[in-house]
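Novice: This one is work-v6.cif, mmCIF, C-alpha atoms and all ligand atoms.
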data_final
loop_
_atom_site.label_atom_id
_atom_site.label_comp_id
_atom_site.auth_asym_id
_atom_site.auth_seq_id
_atom_site.Cartn_x
_atom_site.Cartn_y
_atom_site.Cartn_z
CA MET W 1 103.86 112.21 114.53
CA VAL W 2 102.85 108.80 113.25
CA LEU W 3 102.05 106.01 115.68
CA SER W 4 102.80 102.43 114.76
CA LEU W 5 100.12 99.75 114.89
CA SER W 6 101.23 98.64 118.36
CA GLY W 7 101.86 102.27 119.33
CA THR W 8 98.29 103.18 118.40
CA LYS W 9 97.00 100.30 120.45
CA MET W 10 99.14 101.13 123.48
CA ALA W 11 98.35 104.86 123.32
CA HIS W 12 94.65 104.12 123.24
CA ALA W 13 92.62 104.73 126.42
CA SER W 14 91.71 101.67 128.44
CA GLY W 15 89.92 100.83 131.66
CA ILE W 16 93.13 100.67 133.65
CA ARG W 17 94.28 104.02 132.24
CA SER W 18 91.05 105.57 133.54
CA ILE W 19 91.43 103.89 136.92
CA MET W 20 95.01 105.11 137.31
CA GLU W 21 93.86 108.62 136.38
CA ASP W 22 91.08 108.39 139.00
CA ILE W 23 93.59 107.21 141.59
CA ALA W 24 95.91 110.12 140.81
CA THR W 25 93.04 112.62 141.00
CA SER W 26 91.55 111.25 144.19
CA MET W 27 94.96 110.96 145.91
CA ARG W 28 95.59 114.64 145.21
CA GLY W 29 92.12 115.52 146.49
CA ALA W 30 92.56 113.33 149.57
CA SER W 31 94.82 115.91 151.19
CA THR W 32 92.11 118.58 151.28
CA GLY W 33 90.16 116.76 153.97
CA SER W 34 86.83 117.69 152.42
CA LEU W 35 86.13 114.38 150.72
CA LEU W 36 86.30 110.76 151.73
CA ASN W 37 87.52 108.64 148.87
CA LEU W 38 85.40 105.50 148.54
CA SER W 39 86.50 104.75 145.01
CA ILE W 40 88.18 101.66 143.72
CA GLY W 41 91.92 101.59 143.36
CA ASN W 42 93.95 101.28 146.53
CA PRO W 43 93.97 98.50 149.08
CA ALA W 44 93.05 99.62 152.60
CA PRO W 45 96.05 101.11 154.42
CA ILE W 46 95.80 98.98 157.58
CA PRO W 47 98.11 100.54 160.21
CA GLU W 48 99.67 97.24 161.35
CA VAL W 49 100.36 96.23 157.75
CA VAL W 50 101.91 99.60 156.95
CA GLY W 51 104.03 99.38 160.13
CA THR W 52 105.28 95.88 159.35
CA TRP W 53 106.32 96.74 155.79
CA ARG W 54 108.04 99.84 157.09
CA ARG W 55 110.01 97.79 159.62
CA LEU W 56 110.98 95.30 156.89
CA PHE W 57 112.20 98.19 154.73
CA ASP W 58 114.26 99.58 157.65
CA GLU W 59 115.87 96.18 158.22
CA THR W 60 116.55 95.73 154.50
CA LEU W 61 118.06 99.19 154.14
CA ASP W 62 120.47 98.35 156.95
CA ALA W 63 121.29 94.91 155.55
CA SER W 64 121.50 95.43 151.79
CA PHE W 65 120.90 98.97 150.54
CA ALA W 66 124.13 99.29 148.57
CA ARG W 67 123.78 95.91 146.87
CA ALA W 68 120.07 96.29 146.15
CA SER W 69 119.84 99.92 145.11
CA CYS W 70 123.29 100.86 143.80
CA LEU W 71 123.86 97.94 141.42
CA TYR W 72 121.97 96.26 138.58
CA GLY W 73 120.94 92.65 139.14
CA PRO W 74 119.41 89.60 137.45
CA SER W 75 116.33 90.03 135.22
CA ARG W 76 114.72 86.90 136.69
CA GLY W 77 114.74 88.57 140.13
CA THR W 78 117.29 88.97 142.90
CA ASP W 79 118.89 85.72 144.02
CA ASP W 80 117.48 86.21 147.52
CA LEU W 81 113.90 86.68 146.34
CA VAL W 82 114.01 83.83 143.81
CA ALA W 83 115.46 81.52 146.49
CA ALA W 84 112.81 82.65 149.00
CA ILE W 85 110.03 81.95 146.45
CA VAL W 86 111.43 78.49 145.63
CA GLU W 87 111.68 77.61 149.30
CA TYR W 88 108.29 79.07 150.22
CA PHE W 89 106.27 77.29 147.52
CA SER W 90 108.21 74.01 147.68
CA GLY W 91 107.81 73.94 151.46
CA ARG W 92 104.20 75.02 151.58
CA TYR W 93 102.73 73.14 148.62
CA GLY W 94 105.41 70.59 147.73
CA TRP W 95 105.95 72.09 144.26
CA PRO W 96 109.07 70.78 142.46
CA LEU W 97 110.73 74.17 141.99
CA THR W 98 114.13 75.43 140.92
CA PRO W 99 115.08 79.07 140.24
CA GLU W 100 114.28 78.41 136.54
CA HIS W 101 110.59 78.17 137.48
CA VAL W 102 110.46 81.79 138.72
CA VAL W 103 110.34 85.28 137.22
CA VAL W 104 109.86 88.49 139.18
CA GLY W 105 108.25 91.52 137.54
CA SER W 106 107.15 95.05 138.37
CA GLY W 107 103.73 93.88 139.59
CA SER W 108 101.41 91.19 138.30
CA GLN W 109 99.81 93.67 135.88
CA MET W 110 103.12 93.88 134.07
CA LEU W 111 103.57 90.11 134.16
CA SER W 112 100.16 89.60 132.54
CA PHE W 113 101.20 92.04 129.83
CA VAL W 114 104.48 90.16 129.37
CA ALA W 115 102.70 86.80 129.09
CA SER W 116 100.20 88.20 126.63
CA ALA W 117 102.93 89.73 124.48
CA VAL W 118 105.04 86.58 124.55
CA PHE W 119 102.37 83.94 123.97
CA THR W 120 99.83 85.68 121.74
CA GLY W 121 99.60 87.81 118.60
CA PRO W 122 100.59 87.29 114.99
CA GLY W 123 102.56 84.04 115.04
CA ALA W 124 104.45 81.68 112.77
CA ALA W 125 101.72 79.03 112.70
CA ARG W 126 98.58 81.10 113.36
CA ASP W 127 97.41 84.33 114.97
CA THR W 128 96.37 83.89 118.58
CA LYS W 129 94.63 85.90 121.28
CA THR W 130 94.62 86.26 125.01
CA VAL W 131 91.33 84.69 126.01
CA LEU W 132 89.57 85.53 129.29
CA PRO W 133 87.58 82.39 130.07
CA ALA W 134 85.77 83.79 133.10
CA LEU W 135 84.06 87.10 132.34
CA PRO W 136 83.56 89.46 134.05
CA ASP W 137 87.19 89.78 135.00
CA TYR W 138 89.77 92.39 135.99
CA THR W 139 89.58 95.63 133.98
CA GLY W 140 93.36 95.72 133.74
CA TYR W 141 93.28 92.76 131.34
CA GLN W 142 91.66 94.98 128.69
CA GLY W 143 94.99 96.60 127.96
CA VAL W 144 97.39 93.66 127.98
CA TYR W 145 97.98 93.22 124.29
CA LEU W 146 100.07 94.91 121.67
CA PHE W 147 97.81 94.61 118.66
CA PRO W 148 94.19 95.63 118.11
CA GLY W 149 91.71 92.85 118.87
CA GLY W 150 94.23 90.85 120.89
CA VAL W 151 91.95 90.02 123.84
CA ALA W 152 88.70 88.06 123.68
CA GLY W 153 86.36 87.05 126.49
CA ILE W 154 83.99 84.15 126.96
CA ALA W 155 80.54 85.13 128.26
CA PRO W 156 79.61 83.28 131.43
CA ARG W 157 76.55 81.16 131.99
CA ILE W 158 74.41 82.77 134.66
CA GLU W 159 72.53 80.75 137.23
CA LEU W 160 69.77 82.47 139.21
CA CYS W 161 69.83 81.48 142.87
CA GLY W 162 66.56 82.44 144.50
CA ASP W 163 65.16 85.91 143.97
CA ARG W 164 68.16 87.95 145.10
CA ARG W 165 71.30 86.24 143.94
CA PHE W 166 72.92 84.90 140.86
CA ARG W 167 76.11 83.06 140.11
CA TYR W 168 78.50 83.14 137.15
CA HIS W 169 79.71 79.84 135.71
CA LEU W 170 82.43 79.17 133.19
CA ASP W 171 81.29 77.95 129.79
CA PRO W 172 83.95 75.40 128.77
CA ASP W 173 81.99 74.43 125.62
CA ALA W 174 82.15 78.00 124.32
CA LEU W 175 85.85 78.06 125.16
CA ARG W 176 86.43 74.82 123.27
CA ARG W 177 84.95 76.45 120.16
CA SER W 178 87.64 79.19 120.24
CA ASP W 179 90.38 78.21 117.85
CA ASP W 180 92.71 81.17 118.43
CA ILE W 181 93.70 80.75 122.08
CA GLY W 182 97.33 81.67 122.79
CA LEU W 183 96.94 82.33 126.52
CA LEU W 184 94.13 81.83 129.03
CA LEU W 185 94.10 84.67 131.51
CA LEU W 186 91.99 84.85 134.65
CA SER W 187 91.90 86.14 138.18
CA SER W 188 90.58 83.83 140.87
CA PRO W 189 89.35 85.12 143.27
CA SER W 190 88.09 87.38 140.56
CA ASN W 191 88.17 91.12 140.51
CA PRO W 192 85.38 92.36 140.39
CA THR W 193 83.11 89.48 141.44
CA GLY W 194 85.15 87.72 144.14
CA ARG W 195 84.22 84.47 142.42
CA CYS W 196 86.68 81.57 142.57
CA VAL W 197 87.16 79.02 139.85
CA SER W 198 86.06 75.64 141.19
CA PRO W 199 88.40 72.62 141.02
CA GLN W 200 86.14 71.10 138.32
CA GLU W 201 86.24 74.29 136.25
CA LEU W 202 90.00 74.38 136.54
CA ASP W 203 90.12 70.74 135.36
CA ALA W 204 88.13 71.77 132.28
CA LEU W 205 90.44 74.74 131.61
CA LEU W 206 93.49 72.53 131.99
CA GLU W 207 92.12 69.98 129.55
CA ILE W 208 91.71 72.75 126.95
CA ALA W 209 95.10 74.34 127.75
CA ALA W 210 96.90 70.99 127.50
CA ASP W 211 95.09 70.15 124.27
CA ARG W 212 96.16 73.48 122.69
CA ASP W 213 99.56 73.49 124.43
CA VAL W 214 99.00 76.98 125.84
CA PRO W 215 99.56 78.36 129.35
CA ILE W 216 96.89 79.44 131.84
CA PHE W 217 97.96 82.66 133.53
CA PHE W 218 96.35 82.20 136.95
CA ASP W 219 96.27 85.47 138.86
CA HIS W 220 96.03 84.91 142.63
CA ALA W 221 96.13 88.62 143.56
CA TYR W 222 93.40 88.28 146.23
CA GLY W 223 93.72 84.61 147.14
CA ALA W 224 96.09 82.11 148.67
CA PRO W 225 98.67 81.98 150.05
CA PHE W 226 98.55 85.74 150.60
CA PRO W 227 96.67 88.04 151.14
CA GLN W 228 93.61 85.72 151.44
CA ILE W 229 91.18 88.61 151.09
CA VAL W 230 88.80 86.01 149.64
CA GLU W 231 88.76 82.35 150.66
CA THR W 232 89.63 79.92 147.88
CA PRO W 233 88.24 76.39 147.38
CA GLU W 234 91.68 74.86 146.88
CA PRO W 235 95.32 75.96 147.18
CA PRO W 236 97.09 77.13 144.00
CA ARG W 237 97.59 74.12 141.77
CA TRP W 238 100.84 72.97 140.23
CA HIS W 239 100.57 71.92 136.59
CA GLU W 240 102.87 72.24 133.62
CA ASN W 241 100.27 74.39 131.82
CA ILE W 242 99.66 76.82 134.71
CA ILE W 243 101.66 79.98 135.32
CA ASN W 244 100.73 80.84 138.91
CA VAL W 245 101.07 84.56 139.54
CA PHE W 246 101.29 86.31 142.91
CA THR W 247 101.65 89.90 144.04
CA VAL W 248 102.41 91.70 147.28
CA SER W 249 100.23 94.64 146.18
CA LYS W 250 97.07 93.48 147.91
CA ALA W 251 99.08 92.55 150.98
CA GLY W 252 99.86 96.21 151.47
CA LEU W 253 102.68 97.09 149.06
CA PRO W 254 101.10 98.26 145.78
CA GLY W 255 103.41 101.22 145.31
CA GLU W 256 106.55 99.08 145.17
CA ARG W 257 105.36 97.08 142.15
CA ILE W 258 106.47 93.56 143.00
CA GLY W 259 104.79 90.47 141.56
CA PHE W 260 106.14 87.12 140.47
CA ALA W 261 105.19 84.18 138.28
CA VAL W 262 105.90 80.52 139.00
CA GLY W 263 105.57 77.97 136.22
CA ASP W 264 107.20 75.62 133.77
CA PRO W 265 110.61 76.95 132.60
CA ARG W 266 109.53 76.76 128.92
CA PHE W 267 106.96 79.49 129.72
CA ILE W 268 109.04 81.35 132.30
CA GLU W 269 112.25 81.66 130.25
CA PRO W 270 110.80 83.85 127.45
CA MET W 271 109.16 86.02 130.11
CA VAL W 272 112.57 86.59 131.76
CA SER W 273 113.92 87.72 128.38
CA PHE W 274 110.97 90.07 127.92
CA VAL W 275 111.65 91.62 131.35
CA ALA W 276 115.31 92.09 130.38
CA ASN W 277 114.37 93.68 127.06
CA SER W 278 111.77 96.00 128.54
CA THR W 279 112.71 97.04 132.09
CA LEU W 280 115.98 95.16 132.83
CA HIS W 281 114.51 94.04 136.16
CA ALA W 282 112.08 95.05 138.92
CA GLY W 283 113.21 97.37 141.72
CA GLN W 284 115.64 95.48 143.91
CA LEU W 285 115.12 97.11 147.30
CA ALA W 286 111.47 96.07 147.27
CA GLN W 287 112.50 92.61 146.00
CA GLN W 288 114.78 92.21 149.00
CA VAL W 289 112.00 93.37 151.33
CA THR W 290 109.63 90.81 149.77
CA ALA W 291 112.29 88.09 150.20
CA ARG W 292 112.56 89.02 153.87
CA ALA W 293 108.76 89.00 154.30
CA LEU W 294 108.52 85.51 152.76
CA ALA W 295 111.55 83.98 154.47
CA THR W 296 110.77 85.28 157.97
CA GLY W 297 107.10 84.27 157.81
CA GLU W 298 106.03 87.91 158.31
CA LEU W 299 103.85 87.84 155.19
CA ASP W 300 102.08 84.72 156.47
CA ARG W 301 101.62 86.31 159.89
CA LEU W 302 100.21 89.52 158.40
CA THR W 303 97.87 87.46 156.22
CA ALA W 304 96.58 85.24 159.02
CA GLU W 305 96.44 87.73 161.86
CA VAL W 306 95.64 91.05 160.20
CA ILE W 307 94.64 91.13 156.52
CA ARG W 308 92.33 88.14 156.36
CA PRO W 309 90.37 89.01 159.54
CA TYR W 310 90.21 92.67 158.47
CA TYR W 311 88.54 91.87 155.14
CA ALA W 312 86.35 89.11 156.64
CA HIS W 313 84.96 91.71 159.02
CA LYS W 314 84.44 94.20 156.18
CA ARG W 315 82.67 91.55 154.15
CA ARG W 316 80.26 90.79 156.99
CA LEU W 317 79.50 94.48 157.32
CA GLY W 318 79.12 94.86 153.57
CA GLU W 319 76.79 91.88 153.32
CA ALA W 320 74.67 93.20 156.15
CA ALA W 321 74.49 96.71 154.75
CA GLY W 322 74.04 95.47 151.19
CA GLY W 323 70.97 93.40 151.98
CA HIS W 324 72.46 89.94 151.43
CA PRO W 325 71.14 87.31 153.76
CA ALA W 326 72.87 88.14 157.00
CA GLY W 327 72.04 87.78 160.64
CA ARG W 328 70.59 90.54 162.79
CA ARG W 329 73.93 90.71 164.61
CA GLU W 330 75.78 91.66 161.39
CA LEU W 331 73.19 94.28 160.56
CA ALA W 332 73.42 95.78 164.05
CA ALA W 333 77.24 95.76 163.78
CA ALA W 334 77.03 97.48 160.38
CA ARG W 335 74.81 100.17 161.84
CA ARG W 336 77.15 100.66 164.78
CA HIS W 337 80.15 100.81 162.45
CA VAL W 338 78.59 103.41 160.18
CA ARG W 339 77.37 105.49 163.11
CA ARG W 340 80.74 105.43 164.83
CA HIS W 341 83.09 105.75 161.90
CA VAL W 342 81.11 107.59 159.28
CA LEU W 343 78.48 109.75 160.95
CA LEU W 344 80.39 110.62 164.13
CA GLY W 345 83.59 111.13 162.18
CA MET W 346 81.72 113.78 160.24
CA GLY W 347 80.25 115.56 163.20
CA GLY W 348 77.03 113.56 162.83
CA ARG W 349 76.16 115.09 159.47
CA ALA W 350 76.54 113.11 156.28
CA VAL W 351 74.83 112.66 152.99
CA VAL W 352 75.72 109.92 150.59
CA ARG W 353 75.48 111.47 147.18
CA ARG W 354 75.15 109.93 143.81
CA PRO W 355 78.77 109.56 142.64
CA ARG W 356 79.84 112.32 140.35
CA PRO W 357 82.16 111.01 137.64
CA LEU W 358 85.48 112.68 137.25
CA ARG W 359 85.57 114.25 133.84
CA PRO W 360 87.43 111.96 131.43
CA ARG W 361 90.15 113.51 129.36
CA GLU W 362 89.33 114.29 125.81
CA GLY W 363 89.29 111.13 123.76
CA GLU W 364 89.40 108.79 126.77
CA GLY W 365 86.88 106.08 127.31
CA ARG W 366 85.54 105.01 130.65
CA VAL W 367 84.71 101.52 131.80
CA PRO W 368 81.35 100.97 133.40
CA GLY W 369 81.76 100.81 137.14
CA ALA W 370 85.04 102.71 137.15
CA ARG W 371 83.45 105.82 138.58
CA PRO W 372 84.74 106.96 141.93
CA ALA W 373 82.21 107.21 144.73
CA LEU W 374 82.74 110.24 146.90
CA LEU W 375 81.16 110.67 150.28
CA HIS W 376 80.76 114.39 150.79
CA ARG W 377 80.99 115.93 154.20
CA GLY W 378 78.28 118.30 155.25
CA GLY W 379 74.89 118.62 153.61
CA ARG W 380 71.62 117.44 155.07
CA PRO W 381 71.71 114.88 157.87
CA GLY W 382 71.55 111.31 156.56
CA ARG W 383 69.89 108.38 158.28
CA LEU W 384 71.03 104.79 158.05
CA ARG W 385 68.18 102.51 157.16
CA PRO W 386 68.17 98.79 156.53
CA PRO W 387 68.19 98.07 152.80
CA ARG W 388 64.79 97.71 151.19
CA ARG W 389 63.90 94.36 149.80
CA PRO W 390 63.59 94.95 146.07
CA LEU W 391 60.13 94.41 144.62
CA LEU W 392 59.79 91.16 142.75
CA PRO W 393 59.14 91.65 139.03
CA ASP W 394 55.54 90.41 139.28
CA GLN W 395 54.67 92.61 142.25
CA PRO W 396 52.94 95.93 141.62
CA GLN W 397 55.34 98.85 141.88
CA ARG W 398 53.94 100.39 145.04
CA ARG W 399 56.65 102.87 145.86
CA ARG W 400 55.39 105.81 147.83
CA ALA W 401 56.60 109.17 146.63
CA GLY W 402 59.66 110.02 148.66
CA ALA W 403 60.23 106.46 149.89
CA HIS W 404 63.83 105.55 150.57
CA ARG W 405 65.54 104.39 147.38
CA GLY W 406 68.45 102.58 148.92
CA PRO W 407 71.97 103.57 149.78
CA GLY W 408 73.88 105.96 147.58
CA THR W 409 70.87 107.52 145.91
CA HIS W 410 69.08 110.84 146.25
CA ARG W 411 65.49 111.49 146.57
CA ARG W 412 64.73 113.47 143.46
CA ARG W 413 62.51 116.48 143.85
CA PRO W 414 59.56 116.18 141.48
CA ARG W 415 59.92 118.47 138.52
CA ARG W 416 57.76 121.53 138.50
CA ALA W 417 56.08 120.25 135.35
CA ALA W 418 55.35 116.91 136.97
CA ARG W 419 53.91 118.66 140.00
CA ARG W 420 51.56 120.49 137.69
CA GLY W 421 50.33 117.13 136.42
CA VAL W 422 52.42 116.92 133.23
CA SER W 423 54.45 113.75 132.88
CA ALA W 424 58.22 114.12 132.78
CA GLY W 425 58.25 112.48 129.34
CA SER W 426 55.90 114.96 127.76
CA ALA W 427 57.62 117.89 129.46
CA ALA W 428 61.01 116.96 128.02
C1 LIG P 1 92.99 90.73 139.73
C2 LIG P 1 94.11 91.71 139.73
N1 LIG P 1 95.28 91.34 139.19
C3 LIG P 1 96.32 92.18 139.15
C4 LIG P 1 96.22 93.46 139.65
C5 LIG P 1 97.42 94.34 139.57
O1 LIG P 1 98.29 93.98 140.61
P1 LIG P 1 99.78 94.50 140.66
O2 LIG P 1 99.80 95.67 141.58
O3 LIG P 1 100.55 93.34 141.20
O4 LIG P 1 100.20 94.86 139.28
C6 LIG P 1 95.04 93.88 140.22
C7 LIG P 1 94.91 95.24 140.75
O5 LIG P 1 93.86 95.70 141.14
C8 LIG P 1 93.95 92.99 140.27
O6 LIG P 1 92.78 93.36 140.79
#
Would it be possible to restate this file's structure as structure tokens?
Ligand SMILES: Cc1ncc(COP(=O)(O)O)c(C=O)c1O
Specialist:
Amino acid sequence: MVLSLSGTKMAHASGIRSIMEDIATSMRGASTGSLLNLSIGNPAPIPEVVGTWRRLFDETLDASFARASCLYGPSRGTDDLVAAIVEYFSGRYGWPLTPEHVVVGSGSQMLSFVASAVFTGPGAARDTKTVLPALPDYTGYQGVYLFPGGVAGIAPRIELCGDRRFRYHLDPDALRRSDDIGLLLLSSPSNPTGRCVSPQELDALLEIAADRDVPIFFDHAYGAPFPQIVETPEPPRWHENIINVFTVSKAGLPGERIGFAVGDPRFIEPMVSFVANSTLHAGQLAQQVTARALATGELDRLTAEVIRPYYAHKRRLGEAAGGHPAGRRELAAARRHVRRHVLLGMGGRAVVRRPRPLRPREGEGRVPGARPALLHRGGRPGRLRPPRRPLLPDQPQRRRAGAHRGPGTHRRRPRRAARRGVSAGSAA
């Protein structure tokens, strides 16, 4: 067998390939009941969200099963969904939309791949790349190109904020020096940092995009208008150089693979053709369900009443448990939450172990941070302690032997050699 150049690239392991493998493995293991899966991958299955989507599916099956599932349809997206998108975004944000501004795809991951394939690569005038202006960004972007070396990233400027925090900033000057931009691709709120591009940063990106006449693929997977898992500084912006991309995955429907892009028809039209050439169109039953969720306001209700408060609560708990500045109330709530839901749920016995990586397949790479964390049941009783304030660099390292090392770590038993007075280094 001989793989082509693009075949070699596409067959090559990537971060997202590893993540999907981890998801498959952990989903299989989830049925044994012996492990709690704390790894990345799936949005939280919130019962009210699951119930609402299920009801919308029931209603859609009754109303349009035969038309949606037993016939082919338009590559741009079903008429009902495209109309619902046009109405939703024109009504909510006053965008000047027609159906020609919309393309529906099998998830926003696929749409980012489509945009990258359509707008970058070896070209008539010059070779271009997909450029990620806001590193670190979503692992899935690593794989969205057909030819080796097709994605480049711009390192952020890092601002230290006090002794315990730092902030990433875009570096527009570095971006301006790139002369091979075919597409700017970013998530905001960003996966993994949760960082949002500020209005001023977006102005700078737009100036560069307009100057080069390239689109910005703006991935709103976690932001507004749904699911608002992270608050954003401004609503999605309308501009002839922005392709705004939305997904229902993080609003509770990742398995149905529905995402859509809204932008200038000169960018959208080639993407519609790519969808036709590659998959014909996205699944139509789920498209009809999404249309119903948008048109009836159910997606907005879920966002406002369930999803947003759910993640806001989680964030407060996370910040308290993670040692970020947080009030005593949050810390007490975090302790109560862990005691009730983690320790009691495990019969009062739990140990948080150092995550054990799933073994990668031969030849596969692994992205840093893509390791699943597994909370094992049983073992020695664990105790929840407030996080230790890390020692400042200029403070003497006064850690007592056996002192708590923070969540998710073990206390290592001293090696026999070390106990005999031989340093670990010389024993090795
Ligand atoms: C920032 C970001 N964009 C896109 C995706 C993929 O979303 P979809 O399910 O719509 O393909 C993810 C998934 O984790 C993500 O984190």
Novice: Contacts of Pro156 (chain W) at 6 Å or less, counting all atoms listed in the file, minus same-chain residues fewer than 5 places along, as a PyMOL selection string?
Specialist: chain W and resi 135+168-171
Novice: W:Pro225, W:Pro236, W:Pro199, W:Gly105: which is nearest ligand LIG 1 (chain P), counting only C-alpha atoms and all ligand atoms?
Specialist: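 Checking each candidate against ligand LIG 1 (chain P), we get W:Gly105 as the closest.
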Novice: Please identify all polymer residues within 10 Å of Ala276 (chain W), counting all atoms listed in the file, omitting same-chain residues fewer than 6 positions from it, and present them as JSON, numbers by chain.
Specialist: {"W": [74, 75, 76, 270, 282]}
Novice: Under the rule that all atoms listed in the file are counted, which of W:Arg92, W:Arg157, W:Arg257, W:Arg164 is the nearest residue to ligand LIG 1 (chain P)?
Specialist: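 Closest residue, counting all atoms listed in the file: W:Arg257.
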Novice: Taking a cut-off of 10 Å and counting all atoms listed in the file, can you build a table that, for each residue of region 166-202 of chain W near region 210-216 of chain W, reports the nearest atom pair and how far apart they are in Å (one decimal), sorted by chain then residue number, as a Markdown table?
Specialist:
| residue | atom | partner | partner_atom | distance |
| --- | --- | --- | --- | --- |
| W:Arg176 | CA | W:Arg212 | CA | 9.8 |
| W:Asp179 | CA | W:Arg212 | CA | 8.9 |
| W:Asp180 | CA | W:Arg212 | CA | 9.4 |
| W:Ile181 | CA | W:Val214 | CA | 7.5 |
| W:Gly182 | CA | W:Val214 | CA | 5.8 |
| W:Leu183 | CA | W:Pro215 | CA | 5.5 |
| W:Leu184 | CA | W:Ile216 | CA | 4.6 |
| W:Leu185 | CA | W:Ile216 | CA | 5.9 |
| W:Leu186 | CA | W:Ile216 | CA | 7.8 |
| W:Leu202 | CA | W:Ile216 | CA | 9.8 |
Novice: When you draw a straight line from CA of His313 (chain W) to CA of Trp53 (chain W), how long is it in Å?
Specialist: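 CA of His313 (chain W) sits 22.2 Å away from CA of Trp53 (chain W).
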Novice: Would you mind telling me which residue in W:Ser18, W:Ser187, W:Thr232, W:Ser198 lies nearest to Thr247 (chain W) when using all atoms listed in the file?
Specialist: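 For Thr247 (chain W), the nearest of the given residues is W:Ser187.
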Novice: Of the residues W:Gly121, W:Pro192, W:Gly283, W:Pro227, which is the one nearest to ligand LIG 1 (chain P), using all atoms listed in the file?
Specialist: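 Going through W:Gly121, W:Pro192, W:Gly283, W:Pro227 one by one, the smallest distance to ligand LIG 1 (chain P) is for W:Pro192.
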Novice: Taking only C-alpha atoms and all ligand atoms into account, which residues are within 10 Å of ligand LIG 1 (chain P), as number ranges by chain?
Specialist: W: 16, 19, 40-43, 105-113, 137-141, 186-192, 194, 218-223, 245-260
Novice: Extract, using only C-alpha atoms, all DNA, RNA and protein residues at most 12 Å from Thr8 (chain W), discarding same-chain residues fewer than 5 positions from it, and format them as a list in words.
Specialist: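 Near Thr8 (chain W), the qualifying residues are Met1, Val2, Leu3, Ala13, Tyr145, Leu146, Phe147 and Pro148 of chain W.
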Novice: Quick one: distance from CA of Arg28 (chain W) to CA of Thr279 (chain W) in Å, one decimal?
Specialist: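 Interatomic distance here is 27.8 Å.
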Novice: Within 6 Å of (112.3, 77.6, 134.2), all atoms listed in the file: residues as a list of chain:residue names?
Specialist: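 So the residues meeting the distance criterion are W:Glu100, W:His101, W:Asp264, W:Pro265, W:Ile268, W:Glu269.
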Novice: Export, as a JSON list (two decimals), keeping the file's coordinate frame, the selected residues with C-alpha atoms.
Specialist:
[["chain", "number", "residue", "atom", "x", "y", "z"],
["W", 100, "GLU", "CA", 114.28, 78.41, 136.54],
["W", 101, "HIS", "CA", 110.59, 78.17, 137.48],
["W", 264, "ASP", "CA", 107.20, 75.62, 133.77],
["W", 265, "PRO", "CA", 110.61, 76.95, 132.60],
["W", 268, "ILE", "CA", 109.04, 81.35, 132.30],
["W", 269, "GLU", "CA", 112.25, 81.66, 130.25]]
Novice: Compare W:Ala286, W:Val275, W:Val86, W:Ala134 by their minimum atom-to-atom distance to Ile158 (chain W), counting all atoms listed in the file, and give me the closest one.
Specialist: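 Among the listed residues, the smallest separation from Ile158 (chain W) belongs to W:Ala134.
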Novice: Calculate how many Å separate CA of Tyr310 (chain W) from CA of Met20 (chain W), rounding to one decimal.
Specialist: 25.0 Å
Novice: Nearest residue to Leu56 (chain W) out of W:Gly318, W:Pro309, W:Gly150, W:Gly297, using only C-alpha atoms?
Specialist: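 Distance minimum relative to Leu56 (chain W) lands on W:Gly297.
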Novice: Pick out the residues sitting within 8 Å of Met271 (chain W), and hand them over as a PyMOL selection string; count all atoms listed in the file, and ignore anything fewer than 6 positions along from it in its own chain.
Specialist: chain W and resi 103+114-115+118
Novice: Give as a PyMOL selection string the set of residues within 9 Å of the point (114.7, 85.4, 148.2), where distances use the file's coordinates and only C-alpha atoms.
Specialist: chain W and resi 77-87+287-292+294-295
Novice: Once you add 6 Å to each side, what are the centre and edge lengths of the axis-aligned box holding all listed atoms of region 304-322 of chain W? One decimal in Å, as JSON, if you can.
Specialist:
{"center_x": 85.3, "center_y": 91.0, "center_z": 156.5, "size_x": 34.5, "size_y": 23.5, "size_z": 22.7}
